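entry.txt (compact mmCIF, C-alpha atoms)
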```
# COMPACT_ATOMS: atom_id res chain seq x y z
CA MET A 1 20.09 15.15 -2.24
CA GLN A 2 17.81 13.73 -4.91
CA LYS A 3 18.65 10.33 -6.36
CA VAL A 4 17.84 8.71 -9.68
CA ILE A 5 17.42 4.96 -9.90
CA HIS A 6 18.23 2.93 -13.01
CA ILE A 7 17.52 -0.80 -13.15
CA ASN A 8 19.74 -2.71 -15.54
CA ALA A 9 18.58 -6.28 -16.12
CA HIS A 10 21.25 -8.92 -16.64
CA GLU A 11 20.95 -12.62 -17.28
CA ASN A 12 21.54 -13.74 -13.71
CA TYR A 13 21.10 -10.61 -11.58
CA ASP A 14 19.26 -7.29 -11.42
CA TYR A 15 21.56 -4.31 -11.18
CA ILE A 16 20.04 -1.26 -9.48
CA GLU A 17 22.05 1.90 -9.96
CA ILE A 18 21.38 4.84 -7.66
CA LYS A 19 22.85 8.18 -8.69
CA THR A 20 23.21 11.52 -7.01
CA THR A 21 24.66 14.67 -8.47
CA ASN A 22 28.20 13.90 -7.33
CA VAL A 23 28.43 10.24 -6.28
CA ILE A 24 26.95 6.87 -7.17
CA ASN A 25 25.51 4.41 -4.67
CA GLU A 26 24.85 1.08 -6.32
CA ILE A 27 22.76 -1.93 -5.39
CA HIS A 28 22.78 -5.16 -7.33
CA ASN A 29 22.25 -8.89 -7.06
CA ASN A 30 24.68 -11.76 -7.29
CA GLU A 31 28.38 -11.95 -6.56
CA ASP A 32 29.36 -10.19 -9.77
CA GLN A 33 29.71 -7.22 -7.42
CA LEU A 34 29.80 -3.67 -8.74
CA LEU A 35 31.01 -2.69 -12.17
CA ILE A 36 34.45 -1.69 -10.90
CA GLU A 37 37.60 -1.21 -12.94
CA ASN A 38 39.83 -2.64 -10.24
CA LYS A 39 37.88 -4.83 -7.83
CA ASP A 40 40.83 -5.13 -5.47
CA SER A 41 40.87 -1.39 -4.86
CA VAL A 42 37.39 -1.20 -3.33
CA ASP A 43 38.67 -0.69 0.19
CA ASP A 44 41.60 1.59 -0.56
CA GLY A 45 39.42 4.63 -1.25
CA ASN A 46 40.55 5.04 -4.86
CA ASN A 47 38.17 2.80 -6.77
CA LEU A 48 36.77 3.63 -10.18
CA ILE A 49 33.08 2.97 -10.72
CA ILE A 50 31.63 2.89 -14.21
CA ASP A 51 28.39 4.70 -14.88
CA THR A 52 26.80 2.20 -17.29
CA SER A 53 24.19 4.61 -18.62
CA SER A 54 26.71 7.17 -19.91
CA PHE A 55 29.86 4.98 -20.00
CA GLN A 56 31.78 7.66 -18.15
CA THR A 57 34.29 6.73 -15.46
CA ILE A 58 33.68 8.46 -12.14
CA ASP A 59 36.43 8.66 -9.57
CA ILE A 60 35.20 8.08 -6.03
CA THR A 61 37.82 8.97 -3.46
CA LYS A 62 35.73 8.21 -0.39
CA LYS A 63 35.81 4.79 1.22
CA SER A 64 32.71 2.63 0.94
CA ILE A 65 31.33 -0.15 3.12
CA ARG A 66 29.81 -3.08 1.26
CA PHE A 67 26.56 -4.53 2.58
CA VAL A 68 25.05 -7.87 1.60
CA VAL A 69 21.41 -8.22 2.66
CA ILE A 70 19.10 -11.21 2.96
CA SER A 71 15.92 -11.95 4.88
CA ASP A 72 13.26 -14.62 5.49
CA THR A 73 15.38 -17.65 4.65
CA HIS A 74 13.21 -19.97 6.80
CA GLN A 75 15.84 -22.71 7.13
CA LEU A 76 16.40 -22.72 3.35
CA HIS A 77 19.72 -20.87 3.69
CA ASP A 78 21.54 -23.74 1.97
CA LEU A 79 19.74 -22.76 -1.24
CA LEU A 80 21.33 -19.30 -1.23
CA PRO A 81 24.24 -18.78 -3.65
CA ASN A 82 27.37 -20.42 -2.34
CA PRO A 83 29.49 -18.53 -1.72
CA LEU A 84 27.54 -15.39 -0.97
CA PRO A 85 28.97 -12.15 -2.36
CA LYS A 86 31.91 -10.98 -0.30
CA GLY A 87 31.47 -7.75 1.62
CA ASP A 88 32.02 -5.93 4.88
CA VAL A 89 28.60 -6.49 6.45
CA LEU A 90 26.04 -9.28 6.13
CA ILE A 91 22.53 -8.36 7.26
CA HIS A 92 19.63 -10.74 7.86
CA CYS A 93 16.26 -9.09 8.58
CA GLY A 94 14.63 -11.97 10.43
CA ASP A 95 12.78 -15.25 9.97
CA PHE A 96 15.86 -17.43 9.74
CA THR A 97 13.81 -20.10 11.54
CA ASN A 98 10.32 -21.51 11.07
CA LEU A 99 9.26 -22.04 14.67
CA GLY A 100 11.97 -20.25 16.62
CA LEU A 101 13.27 -23.54 17.99
CA PRO A 102 16.79 -23.96 19.45
CA ASN A 103 17.77 -26.59 16.86
CA GLU A 104 16.72 -24.22 14.05
CA VAL A 105 18.88 -21.47 15.52
CA ASP A 106 21.75 -23.96 15.79
CA ASN A 107 21.31 -24.94 12.14
CA PHE A 108 21.37 -21.33 10.98
CA MET A 109 24.37 -20.41 13.11
CA GLU A 110 26.28 -23.42 11.78
CA TYR A 111 25.56 -22.16 8.25
CA LEU A 112 26.92 -18.72 9.17
CA PHE A 113 30.06 -20.18 10.78
CA LEU A 114 30.85 -22.44 7.83
CA ASN A 115 29.79 -20.29 4.88
CA CYS A 116 29.74 -16.64 5.90
CA ASP A 117 32.10 -15.93 8.78
CA HIS A 118 35.19 -15.60 6.59
CA LEU A 119 33.45 -13.27 4.11
CA TYR A 120 32.39 -10.43 6.44
CA LYS A 121 33.63 -8.21 9.21
CA TYR A 122 30.16 -7.87 10.74
CA ILE A 123 27.17 -10.20 10.68
CA ILE A 124 24.04 -8.42 11.88
CA LEU A 125 20.77 -10.22 12.61
CA ILE A 126 17.34 -9.13 13.77
CA PRO A 127 14.38 -11.35 14.69
CA GLY A 128 11.25 -11.85 12.63
CA ASN A 129 7.81 -12.99 13.71
CA HIS A 130 8.96 -16.63 13.49
CA GLU A 131 11.60 -15.88 16.14
CA TRP A 132 8.72 -15.38 18.53
CA SER A 133 10.84 -15.72 21.68
CA SER A 134 13.65 -13.49 20.52
CA ASP A 135 14.69 -12.29 23.99
CA PHE A 136 14.96 -15.72 25.55
CA ILE A 137 15.15 -18.77 23.30
CA VAL A 138 16.69 -17.20 20.18
CA LYS A 139 19.08 -14.73 21.81
CA LYS A 140 20.31 -17.26 24.36
CA ARG A 141 20.78 -19.90 21.68
CA ILE A 142 22.79 -17.52 19.49
CA GLU A 143 24.97 -16.66 22.49
CA TYR A 144 25.37 -20.39 23.25
CA ASN A 145 26.52 -21.09 19.69
CA LEU A 146 29.05 -18.26 19.80
CA MET A 147 30.44 -19.38 23.15
CA ASN A 148 30.45 -23.03 22.14
CA TYR A 149 32.30 -22.29 18.91
CA ASN A 150 34.98 -20.34 20.75
CA SER A 151 35.44 -23.11 23.31
CA LEU A 152 35.53 -25.99 20.82
CA GLN A 153 37.62 -24.32 18.13
CA LYS A 154 40.64 -23.65 20.29
CA ASN A 155 42.95 -23.03 17.35
CA LYS A 156 40.54 -20.94 15.32
CA SER A 157 38.57 -17.86 16.27
CA LEU A 158 35.61 -16.33 14.49
CA ASN A 159 36.44 -13.66 11.94
CA ALA A 160 33.18 -11.67 12.08
CA THR A 161 31.61 -9.68 14.88
CA TYR A 162 28.08 -11.04 15.45
CA CYS A 163 25.25 -8.72 16.49
CA PHE A 164 21.69 -9.84 17.26
CA LEU A 165 19.86 -6.55 17.62
CA LEU A 166 16.74 -6.30 19.79
CA ASP A 167 15.72 -2.65 19.56
CA GLU A 168 19.39 -1.71 19.71
CA LEU A 169 21.76 0.69 17.97
CA ILE A 170 25.28 -0.13 16.88
CA THR A 171 27.85 2.04 15.11
CA ILE A 172 30.24 0.39 12.67
CA GLU A 173 33.48 1.83 11.39
CA ASN A 174 32.81 4.83 13.66
CA LYS A 175 30.57 6.15 10.91
CA ILE A 176 27.36 4.21 10.21
CA ASN A 177 24.57 4.03 12.79
CA ILE A 178 22.46 0.88 12.40
CA PHE A 179 19.32 0.21 14.41
CA GLY A 180 17.77 -3.26 14.51
CA SER A 181 14.16 -3.53 15.63
CA LYS A 182 12.48 -6.45 17.35
CA TYR A 183 9.36 -7.76 15.66
CA LYS A 184 6.38 -5.88 17.10
CA PHE A 185 3.52 -8.31 17.64
CA ASN A 186 0.36 -6.31 17.07
CA VAL A 187 -1.38 -7.11 20.35
CA LEU A 188 -2.78 -3.58 20.56
CA SER A 189 -4.79 -4.06 17.38
CA LEU A 190 -6.50 -7.02 19.08
CA LEU A 191 -6.88 -5.20 22.40
CA PRO A 192 -7.15 -1.51 21.43
CA PHE A 193 -8.27 -0.47 24.92
CA LEU A 194 -4.66 -1.07 26.04
CA ASN A 195 -3.50 1.71 23.75
CA LYS A 196 -5.78 4.57 24.69
CA ASN A 197 -3.24 7.21 23.72
CA ASN A 198 -2.68 5.63 20.29
CA ASN A 199 1.06 5.87 20.76
CA ASN A 200 3.41 5.10 17.87
CA LYS A 201 5.28 1.96 18.95
CA TYR A 202 8.43 3.07 17.10
CA GLU A 203 8.60 6.73 18.16
CA ASN A 204 11.21 7.52 20.80
CA LEU A 205 12.39 3.91 20.59
CA ILE A 206 14.59 4.45 17.54
CA PRO A 207 17.35 7.09 17.77
CA LYS A 208 16.93 9.95 15.31
CA ASN A 209 20.51 9.71 14.02
CA VAL A 210 20.07 6.25 12.48
CA ASN A 211 21.57 5.82 8.99
CA ILE A 212 20.34 2.29 8.31
CA LEU A 213 17.09 1.05 9.81
CA LEU A 214 16.46 -2.70 10.02
CA THR A 215 12.94 -3.93 10.68
CA HIS A 216 11.27 -7.21 9.85
CA VAL A 217 8.06 -5.63 8.60
CA PRO A 218 7.88 -3.19 5.68
CA SER A 219 6.58 0.33 5.75
CA ILE A 220 3.68 1.08 3.41
CA LYS A 221 5.74 2.38 0.53
CA GLY A 222 6.32 1.46 -3.10
CA ASP A 223 4.03 -1.60 -2.95
CA LEU A 224 6.80 -3.55 -1.19
CA ASP A 225 4.24 -4.30 1.51
CA ILE A 226 1.51 -5.67 -0.81
CA ILE A 227 0.88 -9.42 -0.84
CA TYR A 228 -0.73 -11.62 -3.50
CA ASN A 229 -4.32 -10.72 -2.57
CA GLY A 230 -3.72 -6.96 -2.61
CA LYS A 231 -3.58 -6.56 1.18
CA SER A 232 -0.73 -4.85 3.01
CA ARG A 233 1.74 -6.46 5.40
CA GLY A 234 3.19 -3.03 6.19
CA SER A 235 3.22 -1.11 9.45
CA LYS A 236 1.28 2.16 9.70
CA ASP A 237 3.34 3.23 12.71
CA LEU A 238 6.56 2.64 10.81
CA THR A 239 5.24 4.54 7.81
CA ASN A 240 4.20 7.47 9.98
CA ILE A 241 7.58 7.80 11.64
CA LEU A 242 9.28 7.73 8.23
CA ASN A 243 6.94 10.37 6.83
CA ASN A 244 7.10 12.70 9.83
CA LYS A 245 10.75 13.67 9.24
CA TYR A 246 11.67 11.98 12.50
CA PHE A 247 15.10 10.88 11.29
CA SER A 248 17.94 13.30 10.74
CA ASN A 249 20.02 11.27 8.28
CA LEU A 250 18.33 7.99 7.40
CA LYS A 251 19.67 6.52 4.15
CA PHE A 252 18.35 2.94 3.97
CA HIS A 253 15.37 1.08 5.38
CA ILE A 254 15.86 -2.69 4.99
CA PHE A 255 13.21 -5.29 5.82
CA GLY A 256 11.53 -8.52 4.71
CA HIS A 257 8.33 -10.28 5.86
CA ASN A 258 6.44 -9.90 2.57
CA HIS A 259 7.38 -12.84 0.36
CA ASP A 260 5.45 -11.49 -2.64
CA LYS A 261 7.16 -8.16 -3.38
CA ARG A 262 10.91 -8.42 -3.09
CA GLY A 263 12.63 -5.35 -4.51
CA VAL A 264 13.88 -1.79 -4.07
CA TYR A 265 11.99 1.50 -3.89
CA TYR A 266 13.31 5.04 -3.61
CA ASP A 267 11.20 7.15 -1.26
CA GLU A 268 11.97 10.47 -2.90
CA GLU A 269 10.03 12.58 -0.39
CA ASN A 270 12.15 11.33 2.51
CA ASP A 271 15.30 10.53 0.49
CA VAL A 272 15.36 6.95 1.78
CA ILE A 273 16.11 3.78 -0.17
CA CYS A 274 13.74 0.98 0.87
CA ILE A 275 14.82 -2.63 0.31
CA ASN A 276 12.61 -5.68 0.72
CA ALA A 277 15.40 -8.23 0.99
CA VAL A 278 13.18 -11.31 1.38
CA SER A 279 15.03 -14.39 0.12
CA VAL A 280 12.32 -17.07 -0.05
CA ILE A 281 9.74 -16.07 -2.62
CA GLY A 282 6.07 -17.04 -2.27
CA ASP A 283 5.19 -20.27 -0.51
CA LYS A 284 8.13 -21.76 1.40
CA LYS A 285 7.17 -25.22 0.14
CA ALA A 286 8.14 -24.19 -3.41
CA LYS A 287 11.70 -23.54 -2.18
CA VAL A 288 12.28 -20.59 -4.51
CA VAL A 289 15.25 -18.69 -3.04
CA GLU A 290 16.50 -15.44 -4.55
CA LYS A 291 20.01 -14.01 -4.54
CA PRO A 292 21.00 -11.34 -2.01
CA PHE A 293 21.06 -7.64 -2.64
CA VAL A 294 24.40 -5.84 -2.43
CA PHE A 295 25.04 -2.14 -1.98
CA ASP A 296 27.98 0.09 -1.18
CA TYR A 297 27.50 2.74 1.49
CA LEU A 298 29.77 5.68 0.73
CA LEU A 299 31.34 7.23 3.79
CA GLU A 300 31.18 11.00 3.87
```
Could the structure of this file be written out as structure tokens, please?
Amino acid sequence: MQKVIHINAHENYDYIEIKTTNVINEIHNNEDQLLIENKDSVDDGNNLIIDTSSFQTIDITKKSIRFVVISDTHQLHDLLPNPLPKGDVLIHCGDFTNLGLPNEVDNFMEYLFLNCDHLYKYIILIPGNHEWSSDFIVKKRIEYNLMNYNSLQKNKSLNATYCFLLDELITIENKINIFGSKYKFNVLSLLPFLNKNNNNKYENLIPKNVNILLTHVPSIKGDLDIIYNGKSRGSKDLTNILNNKYFSNLKFHIFGHNHDKRGVYYDEENDVICINAVSVIGDKKAKVVEKPFVFDYLLE
């Protein structure tokens, strides 16, 4: 179903409104949340969402799941808004470290435990290129932190379910299929003789029934892959699989990696909303950290 995107600029956040013919999906920045008549009724399935362009009140009777998305924090997570917007799911699309070191993973996990755990039901992470040893160092260190927390905090358990996805699919609320991709180091471009069949490194790896696709790298769409010098940081393989109608019901593609083009793009041809959720803008040394994006996924 075709969507129309309206961007409403506010003083301290950008509000991106996505309309269809019968429902509204909305993405926005900051913890001001959606423009909702009764904020407490978000989860009871009877919320009222205001269409700001026509000032009509639309009754949405279907439950929604609220996602908060960040990426590429590079150990600058303390510069994110505190608290982050409350939601059901927090997603981080990789590069939460600089060198993929155990102490950097520990630092990030401590931030999640102290500042995010109580705000979300699920916290979903994928690795970026800076988590270069995602299968061994990073994964094992995340597991260590989770086990250590549970053993030390005898009178307090973690609220959120933590998922570090390495080319894995999870289903939340028995409704939403989320696939998190490992970072694909482009060895084959350096050694093309290893890839004689020119195989797409994503095809047959990602299930076709994915609703939300998480990758660290962008696809080549909407200029969200273009860096300061005009070159692309996007993946041709990822773009091809998106364009070839591979997915049966993909709604969102969320990524990071490109620090120069944070934003949202609606891929009308494939009916997919693409979000570059990168948090640190430009050079990390400048320490410019943007607010997260927030969107509500309406359950059908």
For Ile178 of chain A, please output as a PyMOL selection string all residues within 12 Å (counting all atoms listed in the file; exclusion window: fewer than 2 positions along the same chain).
chain A and resi 67+89+91+122+124-126+163-176+180-181+206-215+249-254
One-decimal distance in Å that lies between atom CA of Val280 of chain A and atom CA of Gly87 of chain A:
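Rounded to one decimal, the two atoms are 21.4 Å apart.
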Excluding segment 105-120 of chain A and its own-chain neighbours fewer than 5 positions away, which residues fall within 7 Å of it when counting only C-alpha atoms? Please give them as a count of residues only.
16
Given all atoms listed in the file as the basis, pick out the residue of A:Ser134, A:Ser219, A:Asn103, A:Asn270 nearest to Ser248 of chain A.
A:Asn270
Between A:Ile220, A:Leu205, A:Leu238, A:Ile65, which one has atoms that come closest to Lys261 of chain A, using only C-alpha atoms?
A:Ile220
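Atom CA of Gly100 of chain A is found 14.7 Å from atom CA of Glu143 of chain A.
Distance annotation: of A:Asn258, A:Asn177, A:Thr73, A:Asn243, the residue with the minimal separation from Lys287 of chain A is A:Thr73; atom set is only C-alpha atoms.
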Just give me the gap between atom CA of Val294 of chain A and atom CA of Lys139 of chain A in Å, one decimal is fine.
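About the pair atom CA of Val294 of chain A and atom CA of Lys139 of chain A: they are 26.4 Å apart.
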Report as a count of residues only all protein, DNA and RNA residues lying within 10 Å of Ser235 of chain A, evaluated on all atoms listed in the file, omitting residues in the same chain fewer than 4 positions from it.
10
